[in-house]
$ cat start-v3.cif   # mmCIF, C-alpha atoms and all ligand atoms
data_structure
#
loop_
_atom_site.label_atom_id
_atom_site.label_comp_id
_atom_site.auth_asym_id
_atom_site.auth_seq_id
_atom_site.Cartn_x
_atom_site.Cartn_y
_atom_site.Cartn_z
CA MET K 82 20.00 -5.54 -2.16
CA LYS K 83 17.96 -2.44 -1.21
CA ASP K 84 20.10 0.00 -3.20
CA ARG K 85 19.88 -2.12 -6.34
CA LEU K 86 16.12 -2.51 -5.90
CA ILE K 87 15.80 1.27 -5.68
CA GLU K 88 17.82 1.76 -8.89
CA ILE K 89 15.56 -0.66 -10.75
CA ILE K 90 12.36 0.83 -9.28
CA LYS K 91 13.47 4.37 -10.24
CA GLU K 92 14.06 3.12 -13.77
CA ALA K 93 10.55 1.63 -13.81
CA GLY K 94 9.27 4.96 -12.46
CA LYS K 95 10.21 6.54 -15.81
CA ILE K 96 7.66 4.26 -17.53
CA VAL K 97 4.95 5.38 -15.05
CA TYR K 98 5.93 9.04 -15.45
CA GLU K 99 5.77 8.87 -19.25
CA GLY K 100 2.47 6.97 -19.18
CA TYR K 101 0.85 9.38 -16.72
CA SER K 102 0.03 11.97 -19.39
CA SER K 103 -0.23 9.54 -22.33
CA GLN K 104 -2.99 7.41 -23.84
CA LYS K 105 -3.30 4.37 -21.56
CA ASP K 106 -5.46 1.55 -23.09
CA VAL K 107 -7.65 1.00 -20.02
CA ASN K 108 -9.15 -2.45 -19.44
CA PHE K 109 -11.42 -3.72 -16.65
CA LYS K 110 -10.36 -6.71 -14.54
CA ALA K 111 -13.67 -6.32 -12.65
CA LYS K 112 -16.41 -3.69 -12.42
CA LYS K 113 -14.21 -1.07 -10.66
CA ASP K 114 -10.78 -2.68 -11.05
CA LEU K 115 -8.71 -1.11 -13.84
CA VAL K 116 -5.53 -2.20 -15.58
CA THR K 117 -3.58 -0.30 -18.24
CA LYS K 118 -0.80 -1.20 -20.64
CA TYR K 119 1.52 0.65 -18.24
CA ASP K 120 0.68 -1.63 -15.27
CA VAL K 121 1.68 -4.55 -17.47
CA ALA K 122 4.81 -2.85 -18.88
CA VAL K 123 6.09 -1.82 -15.43
CA GLU K 124 5.39 -5.28 -14.00
CA ASN K 125 7.18 -7.02 -16.88
CA PHE K 126 10.19 -4.72 -16.53
CA LEU K 127 10.45 -5.23 -12.74
CA LYS K 128 10.01 -9.01 -12.99
CA GLN K 129 12.63 -9.28 -15.71
CA GLU K 130 15.21 -7.23 -13.76
CA PHE K 131 14.48 -8.86 -10.38
CA ALA K 132 14.65 -12.37 -11.88
CA LYS K 133 18.15 -11.61 -13.20
CA GLU K 134 19.50 -10.30 -9.90
CA PHE K 135 17.56 -11.84 -7.01
CA LYS K 136 17.34 -15.50 -7.93
CA ALA K 137 16.69 -16.65 -4.35
CA PHE K 138 13.31 -14.91 -4.35
CA ASN K 139 10.00 -15.87 -5.94
CA LEU K 140 8.18 -13.06 -7.69
CA ILE K 141 4.55 -12.35 -6.80
CA ALA K 142 2.95 -9.56 -8.84
CA GLU K 143 -0.46 -7.99 -9.26
CA GLU K 144 -1.00 -8.68 -12.95
CA SER K 145 0.49 -12.20 -12.94
CA ASP K 146 -0.86 -15.67 -12.17
CA ASN K 147 0.57 -16.25 -8.69
CA SER K 148 -1.33 -19.45 -7.94
CA LYS K 149 1.77 -21.67 -7.99
CA VAL K 150 4.21 -19.20 -6.43
CA GLU K 151 5.40 -19.77 -2.85
CA PHE K 152 5.25 -16.78 -0.50
CA ASN K 153 8.13 -17.78 1.88
CA ASN K 154 11.01 -15.87 0.26
CA SER K 155 9.48 -13.52 -2.23
CA ILE K 156 9.41 -10.09 -3.79
CA ILE K 157 5.83 -8.81 -3.91
CA ILE K 158 5.21 -6.26 -6.65
CA ASP K 159 2.43 -3.76 -7.31
CA PRO K 160 3.52 -2.08 -10.56
CA ILE K 161 1.04 0.77 -10.16
CA ASP K 162 -0.83 1.10 -6.86
CA GLY K 163 -3.59 3.62 -7.34
CA THR K 164 -4.33 2.71 -10.96
CA THR K 165 -7.56 4.75 -10.95
CA ASN K 166 -5.53 7.82 -9.91
CA PHE K 167 -2.95 7.04 -12.62
CA VAL K 168 -5.67 6.79 -15.26
CA ASN K 169 -7.31 10.07 -14.16
CA GLN K 170 -4.02 11.92 -13.59
CA VAL K 171 -4.38 12.25 -9.84
CA PRO K 172 -0.72 12.38 -8.77
CA HIS K 173 -1.18 9.89 -5.90
CA THR K 174 0.08 6.67 -7.41
CA ALA K 175 3.12 4.52 -6.73
CA ILE K 176 5.22 1.47 -7.48
CA SER K 177 5.27 -0.79 -4.43
CA VAL K 178 7.85 -3.54 -3.81
CA GLY K 179 8.04 -5.63 -0.61
CA VAL K 180 10.75 -8.22 0.02
CA TYR K 181 9.85 -11.10 2.35
CA LYS K 182 12.17 -13.63 4.02
CA ASN K 183 10.47 -16.62 5.67
CA LYS K 184 7.16 -14.76 5.26
CA LYS K 185 8.46 -11.80 7.30
CA PRO K 186 8.91 -8.29 5.84
CA TYR K 187 12.58 -7.51 5.15
CA ILE K 188 12.63 -4.54 2.73
CA GLY K 189 9.85 -2.16 1.66
CA ILE K 190 10.03 0.41 -1.13
CA VAL K 191 7.21 2.67 -2.34
CA TYR K 192 7.98 5.14 -5.12
CA ASN K 193 5.68 7.89 -6.38
CA PRO K 194 7.36 8.86 -9.67
CA ILE K 195 4.97 11.75 -10.33
CA LEU K 196 6.03 13.60 -7.17
CA ASP K 197 9.46 11.90 -7.12
CA GLU K 198 8.93 10.65 -3.55
CA LEU K 199 10.71 7.46 -2.55
CA TYR K 200 9.86 5.76 0.74
CA GLU K 201 12.13 2.94 1.89
CA ALA K 202 12.70 0.74 4.90
CA LYS K 203 14.77 -2.27 5.88
CA LEU K 204 13.98 -4.39 8.92
CA ASN K 205 15.29 -2.70 12.12
CA LYS K 206 16.97 0.11 10.15
CA GLY K 207 14.29 2.83 10.18
CA ALA K 208 12.17 4.39 7.45
CA PHE K 209 13.15 7.14 5.02
CA LEU K 210 11.56 9.51 2.52
CA ASN K 211 14.02 10.66 -0.16
CA GLY K 212 16.85 9.80 2.25
CA GLU K 213 15.43 11.68 5.27
CA LYS K 214 14.35 9.68 8.31
CA ILE K 215 10.58 9.71 8.88
CA GLU K 216 8.54 9.07 12.02
CA VAL K 217 4.88 8.72 12.86
CA SER K 218 2.92 11.61 14.39
CA LYS K 219 2.80 11.80 18.19
CA GLU K 220 -0.88 12.80 18.27
CA ASN K 221 -2.71 10.71 20.83
CA ASP K 222 -6.10 12.42 20.78
CA PHE K 223 -8.43 10.53 18.44
CA GLN K 224 -10.65 13.59 18.02
CA LYS K 225 -7.62 15.43 16.51
CA SER K 226 -6.58 12.51 14.30
CA LEU K 227 -6.76 12.44 10.50
CA ILE K 228 -7.78 8.95 9.40
CA ALA K 229 -7.44 7.54 5.88
CA THR K 230 -9.41 4.71 4.37
CA GLY K 231 -10.18 3.17 1.00
CA PHE K 232 -13.19 1.66 -0.69
CA PRO K 233 -12.72 -1.91 -1.89
CA TYR K 234 -13.49 -2.74 -5.52
CA THR K 235 -15.99 -5.25 -4.17
CA SER K 236 -18.15 -2.37 -2.88
CA GLY K 237 -19.39 -2.10 -6.48
CA THR K 238 -20.81 -5.63 -6.50
CA ASN K 239 -21.08 -6.88 -2.92
CA GLN K 240 -23.82 -5.25 -0.80
CA ASP K 241 -22.35 -6.56 2.50
CA ASP K 242 -18.99 -4.95 1.76
CA LEU K 243 -20.65 -1.67 0.78
CA ASP K 244 -22.74 -1.71 3.99
CA ASP K 245 -19.62 -2.39 6.06
CA VAL K 246 -17.74 0.53 4.46
CA ILE K 247 -20.62 2.89 5.26
CA LYS K 248 -21.12 1.51 8.77
CA LYS K 249 -17.45 2.05 9.62
CA ILE K 250 -17.39 5.59 8.21
CA LYS K 251 -20.49 6.40 10.32
CA ARG K 252 -18.59 5.24 13.41
CA VAL K 253 -15.20 6.83 12.68
CA LEU K 254 -16.15 10.20 11.15
CA PRO K 255 -17.85 11.80 14.17
CA LYS K 256 -15.02 10.72 16.48
CA CYS K 257 -11.95 11.86 14.49
CA GLN K 258 -10.74 15.11 12.91
CA ASP K 259 -11.64 13.98 9.39
CA ILE K 260 -11.35 11.13 6.89
CA ARG K 261 -9.35 10.98 3.64
CA ARG K 262 -9.64 8.57 0.69
CA LEU K 263 -6.73 9.22 -1.66
CA GLY K 264 -6.75 5.89 -3.50
CA SER K 265 -3.40 4.20 -2.95
CA ALA K 266 -3.05 1.83 -0.01
CA ALA K 267 0.75 1.73 -0.40
CA LEU K 268 0.96 5.53 -0.10
CA ASP K 269 -1.69 5.68 2.64
CA LEU K 270 0.57 3.53 4.83
CA CYS K 271 3.54 5.78 3.97
CA TYR K 272 1.48 8.86 4.89
CA VAL K 273 0.89 7.37 8.34
CA ALA K 274 4.64 6.63 8.48
CA ARG K 275 5.55 10.25 7.70
CA GLY K 276 3.07 11.64 10.25
CA THR K 277 0.54 13.06 7.76
CA TYR K 278 -2.25 10.73 8.92
CA GLU K 279 -2.65 9.28 12.40
CA GLY K 280 -4.43 6.16 11.18
CA TYR K 281 -5.63 4.14 8.22
CA TYR K 282 -7.88 1.15 7.67
CA GLU K 283 -9.25 -0.70 4.66
CA MET K 284 -10.78 -4.07 3.75
CA ASN K 285 -10.13 -6.59 0.97
CA LEU K 286 -6.68 -5.34 0.02
CA LYS K 287 -4.28 -7.61 -1.80
CA ALA K 288 -0.80 -8.48 -0.55
CA TRP K 289 0.85 -6.27 -3.20
CA ASP K 290 -1.10 -3.20 -2.06
CA VAL K 291 0.45 -3.27 1.43
CA SER K 292 3.53 -5.56 1.37
CA ALA K 293 6.00 -2.63 1.33
CA GLY K 294 4.02 0.07 3.14
CA LEU K 295 3.45 -1.98 6.26
CA LEU K 296 7.21 -2.36 6.90
CA ILE K 297 7.80 1.33 6.15
CA LEU K 298 5.15 2.20 8.74
CA GLN K 299 6.47 -0.22 11.36
CA GLU K 300 10.01 1.09 10.88
CA ALA K 301 8.70 4.66 11.33
CA GLY K 302 7.32 3.64 14.74
CA GLY K 303 3.77 2.76 13.73
CA LYS K 304 1.53 -0.23 14.26
CA VAL K 305 -0.21 -2.56 11.79
CA THR K 306 -2.76 -5.16 12.89
CA SER K 307 -5.87 -7.01 11.85
CA LEU K 308 -9.27 -5.77 13.01
CA GLN K 309 -8.92 -8.21 15.94
CA ASN K 310 -5.60 -6.56 16.99
CA SER K 311 -3.53 -9.59 16.01
CA GLU K 312 -0.44 -9.37 13.79
CA TYR K 313 -1.66 -8.47 10.26
CA LYS K 314 -1.21 -11.45 7.94
CA LEU K 315 -0.68 -10.86 4.22
CA PHE K 316 -2.97 -13.01 2.04
CA GLU K 317 -5.18 -13.81 5.06
CA ASP K 318 -6.70 -10.86 6.93
CA LYS K 319 -9.78 -9.09 5.57
CA TYR K 320 -9.02 -5.77 7.29
CA ILE K 321 -5.76 -3.90 7.76
CA VAL K 322 -5.69 -1.37 10.59
CA ALA K 323 -2.65 0.92 10.78
CA SER K 324 -1.74 3.84 12.98
CA ASN K 325 0.92 5.87 14.75
CA GLY K 326 0.46 3.46 17.69
CA TYR K 327 -0.93 6.11 20.05
CA ILE K 328 -4.49 5.97 18.69
CA HIS K 329 -4.49 2.31 17.68
CA LYS K 330 -6.61 1.00 20.54
CA GLU K 331 -9.25 3.69 20.04
CA LEU K 332 -9.29 3.22 16.26
CA LEU K 333 -9.93 -0.51 16.74
CA GLU K 334 -12.61 0.16 19.34
CA VAL K 335 -14.41 2.68 17.13
CA LEU K 336 -14.26 0.33 14.11
CA MET K 337 -15.59 -2.61 16.12
CA LYS K 338 -18.31 -0.83 18.11
C1 LIG P 401 -5.94 -0.09 -5.01
C2 LIG P 401 -5.59 0.46 -3.65
C3 LIG P 401 -6.66 1.44 -3.23
C4 LIG P 401 -7.81 0.59 -2.86
C5 LIG P 401 -8.27 -0.26 -4.01
C6 LIG P 401 -7.11 -0.98 -4.71
P1 LIG P 401 -4.59 -0.86 -7.24
O1 LIG P 401 -4.88 -0.80 -5.63
O2 LIG P 401 -4.37 0.85 -3.39
O3 LIG P 401 -6.34 2.24 -2.13
O4 LIG P 401 -8.85 1.32 -2.31
O5 LIG P 401 -9.22 -1.18 -3.55
O6 LIG P 401 -6.74 -2.14 -4.07
O7 LIG P 401 -5.64 -1.78 -7.79
O8 LIG P 401 -4.70 0.50 -7.79
O9 LIG P 401 -3.23 -1.45 -7.34
#
$ encode --input "start-v3.cif" --output "structure tokens" --more "lines below"
Ligand code: LIP
Amino acid sequence: MKDRLIEIIKEAGKIVYEGYSSQKDVNFKAKKDLVTKYDVAVENFLKQEFAKEFKAFNLIAEESDNSKVEFNNSIIIDPIDGTTNFVNQVPHTAISVGVYKNKKPYIGIVYNPILDELYEAKLNKGAFLNGEKIEVSKENDFQKSLIATGFPYTSGTNQDDLDDVIKKIKRVLPKCQDIRRLGSAALDLCYVARGTYEGYYEMNLKAWDVSAGLLILQEAGGKVTSLQNSEYKLFEDKYIVASNGYIHKELLEVLMK
């Protein structure tokens, strides 16, 4: 199944690649939340191909009405994660596809077609970038750790969320090496998986932002939890906290302090 998914996702990547430097027809789903004709085109293409080949799975996708779709056995699709980057030609944007069996991650694929970087993982089989095995960094000193985060769209309209973002940055920044905000949750998780970042946290993400990246990170030896250090639950938890495992406890402590 994974190889066929990759073939289809690479095909969809051509649509993203062509759209990257073209006119995009940008619309607003909410104040900061963008959608382009390419998000819709990629999603339609992936749904059409997956529906033909993987009939046992429900399809959950960012630009679709998912209200009546069961999560149990599903393929969760983000056609373009990092849409703001895509619109502004920041080459940090990706297609994200996570396959779930009985609500558990089974396959994760994240493809950045601009840089031609394909991250993939299957449960208990390791994580790979363009076919090469990847592993998390072994850094265990929080002061030397590079931490990524993101700013939720709700920070444009919800004062409590904005305050929380700022409060957490005030706690984390003095204690770590530095903070990055590159604008794609799917890729942020992959960057922890490949050892570029030691940790990552963000609030208010949607299942499609992280469904693939969290398995890729776990298969690379990393850890993904809620803010309360319980197993991270798609569709339920407000915060995702991810790391190489070595700094996880300290990252949680700093965020909670
Ligand atoms: C985006 C994320 C980004 C996050 C945004 C948003 P989209 O996904 O990946 O990192 O900060 O809140 O969820 O909307 O580009 O697919």
$ atom_distance --input "start-v3.cif" --atom1 "atom CA of Thr174 of chain K" --atom2 "atom O9 of ligand LIG 401 (chain P)"
8.8 Å
$ closest_residue --input "start-v3.cif" --among "K:Leu199, K:Phe109, K:Met284, K:Trp289" --to "Leu140 of chain K" --atoms "all atoms listed in the file"
K:Trp289
$ axis_aligned_box --input "start-v3.cif" --around "segment 156-172 of chain K" --padding-each-side "4 Å" --output "AutoDock Vina command-line options"
--center_x 0.9 --center_y 1.1 --center_z -9.5 --size_x 25.0 --size_y 30.5 --size_z 19.5
$ closest_atom_pairs --input "start-v3.cif" --of "chain K" --to "ligand LIG 401 (chain P)" --cutoff "10 Å" --atoms "only C-alpha atoms and all ligand atoms" --output "tab-separated table"
residue	atom	partner	partner_atom	distance
K:Lys110	CA	P:LIG401	O7	9.6
K:Lys113	CA	P:LIG401	O5	8.7
K:Asp114	CA	P:LIG401	O7	6.2
K:Leu115	CA	P:LIG401	O7	6.8
K:Val116	CA	P:LIG401	O7	7.8
K:Asp120	CA	P:LIG401	O9	8.8
K:Glu143	CA	P:LIG401	O9	7.4
K:Glu144	CA	P:LIG401	O9	9.4
K:Ile158	CA	P:LIG401	O9	9.7
K:Asp159	CA	P:LIG401	O9	6.1
K:Pro160	CA	P:LIG401	O9	7.5
K:Ile161	CA	P:LIG401	O9	5.6
K:Asp162	CA	P:LIG401	O9	3.5
K:Gly163	CA	P:LIG401	O8	3.3
K:Thr164	CA	P:LIG401	O8	3.9
K:Thr165	CA	P:LIG401	O8	6.0
K:Asn166	CA	P:LIG401	O8	7.7
K:Phe167	CA	P:LIG401	O8	8.3
K:Val168	CA	P:LIG401	O8	9.8
K:His173	CA	P:LIG401	O2	9.9
K:Thr174	CA	P:LIG401	O8	7.8
K:Ala175	CA	P:LIG401	O9	8.7
K:Ile176	CA	P:LIG401	O9	8.9
K:Ser177	CA	P:LIG401	O9	9.0
K:Ala229	CA	P:LIG401	O3	9.7
K:Thr230	CA	P:LIG401	O4	7.5
K:Gly231	CA	P:LIG401	O4	4.0
K:Phe232	CA	P:LIG401	O4	4.6
K:Pro233	CA	P:LIG401	O5	3.9
K:Tyr234	CA	P:LIG401	O5	5.0
K:Thr235	CA	P:LIG401	O5	7.9
K:Ser236	CA	P:LIG401	O5	9.0
K:Arg262	CA	P:LIG401	O3	7.7
K:Leu263	CA	P:LIG401	O3	7.0
K:Gly264	CA	P:LIG401	O3	3.9
K:Ser265	CA	P:LIG401	O2	3.5
K:Ala266	CA	P:LIG401	O2	3.8
K:Ala267	CA	P:LIG401	O2	6.0
K:Leu268	CA	P:LIG401	O2	7.8
K:Asp269	CA	P:LIG401	O3	7.5
K:Leu270	CA	P:LIG401	O3	9.9
K:Tyr282	CA	P:LIG401	O3	10.0
K:Glu283	CA	P:LIG401	O4	7.3
K:Met284	CA	P:LIG401	O5	8.0
K:Asn285	CA	P:LIG401	O5	7.1
K:Leu286	CA	P:LIG401	O6	5.2
K:Lys287	CA	P:LIG401	O6	6.4
K:Ala288	CA	P:LIG401	O6	9.4
K:Trp289	CA	P:LIG401	O9	7.6
K:Asp290	CA	P:LIG401	O2	5.4
K:Val291	CA	P:LIG401	O2	8.0
$ atom_distance --input "start-v3.cif" --atom1 "atom CA of Asp222 of chain K" --atom2 "atom CA of Gly303 of chain K"
15.5 Å
$ closest_residue --input "start-v3.cif" --among "K:Ser218, K:Ser311, K:Asn325, K:Ser155" --to "Phe135 of chain K" --atoms "only C-alpha atoms"
K:Ser155
$ atom_distance --input "start-v3.cif" --atom1 "atom CA of Ile188 of chain K" --atom2 "atom CA of Glu134 of chain K"
15.5 Å
$ residues_around --input "start-v3.cif" --residues "Ser102 of chain K" --least-positions-apart "5" --cutoff "12 Å" --atoms "only C-alpha atoms" --output "short mmCIF file (atom, residue, chain, number, x, y, z; two decimals) with C-alpha atoms, in the coordinates of the input"
data_model
loop_
_atom_site.label_atom_id
_atom_site.label_comp_id
_atom_site.auth_asym_id
_atom_site.auth_seq_id
_atom_site.Cartn_x
_atom_site.Cartn_y
_atom_site.Cartn_z
CA ILE K 96 7.66 4.26 -17.53
CA VAL K 97 4.95 5.38 -15.05
CA TYR K 119 1.52 0.65 -18.24
CA ASN K 166 -5.53 7.82 -9.91
CA PHE K 167 -2.95 7.04 -12.62
CA VAL K 168 -5.67 6.79 -15.26
CA ASN K 169 -7.31 10.07 -14.16
CA GLN K 170 -4.02 11.92 -13.59
CA VAL K 171 -4.38 12.25 -9.84
CA PRO K 172 -0.72 12.38 -8.77
CA ILE K 195 4.97 11.75 -10.33
#
$ closest_residue --input "start-v3.cif" --among "K:Asp106, K:Asp146, K:Glu88, K:Glu99" --to "Leu127 of chain K" --atoms "only C-alpha atoms"
K:Glu88
$ residues_around --input "start-v3.cif" --residues "Asn153 of chain K" --least-positions-apart "5" --cutoff "7 Å" --atoms "all atoms listed in the file" --output "PyMOL selection string"
chain K and resi 181-184
$ residues_around --input "start-v3.cif" --residues "Ser307 of chain K" --least-positions-apart "4" --cutoff "6 Å" --atoms "only C-alpha atoms" --output "NGL selection string"
:K and (311 or 313 or 320-322)
$ residues_near_point --input "start-v3.cif" --point "(-8.1, -5.5, 13.5)" --cutoff "12 Å" --atoms "all atoms listed in the file" --output "ChimeraX atom specification"
/K:281-284,304-314,318-324,329-337
$ closest_residue --input "start-v3.cif" --among "K:Asn239, K:Asn154, K:Asn193, K:Gln258" --to "Cys271 of chain K" --atoms "all atoms listed in the file"
K:Asn193
$ closest_residue --input "start-v3.cif" --among "K:Ser226, K:Met82, K:Ala111, K:Lys95" --to "Thr238 of chain K" --atoms "all atoms listed in the file"
K:Ala111
$ residues_around --input "start-v3.cif" --residues "Asn211 of chain K" --least-positions-apart "2" --cutoff "12 Å" --atoms "all atoms listed in the file" --output "list in words"
Ile87, Lys91, Ile190, Val191, Tyr192, Asn193, Pro194, Leu196, Asp197, Glu198, Leu199, Tyr200, Glu201, Ala202, Ala208, Phe209, Glu213, Lys214, Ile215 and Arg275 of chain K
$ decode --input "start-v3.cif" --residues "segment 112-161 of chain K" --atoms "C-alpha atoms" --output "PDB file, in the first residue's frame"
ATOM      1  CA  LYS K 112      -9.032  35.645   9.084  1.00  0.00           C
ATOM      2  CA  LYS K 113      -5.578  33.993   8.726  1.00  0.00           C
ATOM      3  CA  ASP K 114      -6.569  30.664   7.145  1.00  0.00           C
ATOM      4  CA  LEU K 115      -5.924  30.554   3.387  1.00  0.00           C
ATOM      5  CA  VAL K 116      -7.040  28.165   0.680  1.00  0.00           C
ATOM      6  CA  THR K 117      -6.064  28.220  -3.000  1.00  0.00           C
ATOM      7  CA  LYS K 118      -7.349  26.492  -6.107  1.00  0.00           C
ATOM      8  CA  TYR K 119      -4.299  24.217  -5.788  1.00  0.00           C
ATOM      9  CA  ASP K 120      -5.285  22.965  -2.304  1.00  0.00           C
ATOM     10  CA  VAL K 121      -8.617  21.964  -3.814  1.00  0.00           C
ATOM     11  CA  ALA K 122      -7.107  20.458  -6.992  1.00  0.00           C
ATOM     12  CA  VAL K 123      -4.557  18.363  -5.066  1.00  0.00           C
ATOM     13  CA  GLU K 124      -7.196  17.183  -2.591  1.00  0.00           C
ATOM     14  CA  ASN K 125      -9.603  16.195  -5.372  1.00  0.00           C
ATOM     15  CA  PHE K 126      -6.862  14.301  -7.204  1.00  0.00           C
ATOM     16  CA  LEU K 127      -5.733  12.399  -4.075  1.00  0.00           C
ATOM     17  CA  LYS K 128      -9.300  11.557  -3.022  1.00  0.00           C
ATOM     18  CA  GLN K 129     -10.178  10.315  -6.489  1.00  0.00           C
ATOM     19  CA  GLU K 130      -7.086   8.067  -6.721  1.00  0.00           C
ATOM     20  CA  PHE K 131      -7.303   6.780  -3.135  1.00  0.00           C
ATOM     21  CA  ALA K 132     -11.029   6.007  -3.489  1.00  0.00           C
ATOM     22  CA  LYS K 133     -10.261   3.810  -6.513  1.00  0.00           C
ATOM     23  CA  GLU K 134      -7.505   1.816  -4.828  1.00  0.00           C
ATOM     24  CA  PHE K 135      -8.061   1.786  -1.063  1.00  0.00           C
ATOM     25  CA  LYS K 136     -11.748   1.070  -0.708  1.00  0.00           C
ATOM     26  CA  ALA K 137     -11.444  -0.203   2.884  1.00  0.00           C
ATOM     27  CA  PHE K 138     -10.483   3.283   4.084  1.00  0.00           C
ATOM     28  CA  ASN K 139     -12.587   6.390   4.677  1.00  0.00           C
ATOM     29  CA  LEU K 140     -11.112   9.606   3.364  1.00  0.00           C
ATOM     30  CA  ILE K 141     -10.758  12.587   5.705  1.00  0.00           C
ATOM     31  CA  ALA K 142      -9.369  15.722   4.046  1.00  0.00           C
ATOM     32  CA  GLU K 143      -8.745  19.341   4.962  1.00  0.00           C
ATOM     33  CA  GLU K 144     -10.960  21.015   2.377  1.00  0.00           C
ATOM     34  CA  SER K 145     -13.847  18.508   2.616  1.00  0.00           C
ATOM     35  CA  ASP K 146     -16.889  18.150   4.867  1.00  0.00           C
ATOM     36  CA  ASN K 147     -15.731  15.352   7.189  1.00  0.00           C
ATOM     37  CA  SER K 148     -18.638  15.552   9.622  1.00  0.00           C
ATOM     38  CA  LYS K 149     -20.091  12.167   8.661  1.00  0.00           C
ATOM     39  CA  VAL K 150     -16.804  10.342   8.053  1.00  0.00           C
ATOM     40  CA  GLU K 151     -15.648   7.713  10.571  1.00  0.00           C
ATOM     41  CA  PHE K 152     -12.044   7.958  11.758  1.00  0.00           C
ATOM     42  CA  ASN K 153     -11.458   4.215  12.569  1.00  0.00           C
ATOM     43  CA  ASN K 154      -9.890   3.086   9.280  1.00  0.00           C
ATOM     44  CA  SER K 155      -9.071   6.184   7.341  1.00  0.00           C
ATOM     45  CA  ILE K 156      -6.637   8.054   5.149  1.00  0.00           C
ATOM     46  CA  ILE K 157      -6.183  11.592   6.473  1.00  0.00           C
ATOM     47  CA  ILE K 158      -5.127  14.094   3.825  1.00  0.00           C
ATOM     48  CA  ASP K 159      -3.647  17.585   3.973  1.00  0.00           C
ATOM     49  CA  PRO K 160      -3.268  18.526   0.296  1.00  0.00           C
ATOM     50  CA  ILE K 161      -0.996  21.477   1.076  1.00  0.00           C
TER      51      ILE K 161
END
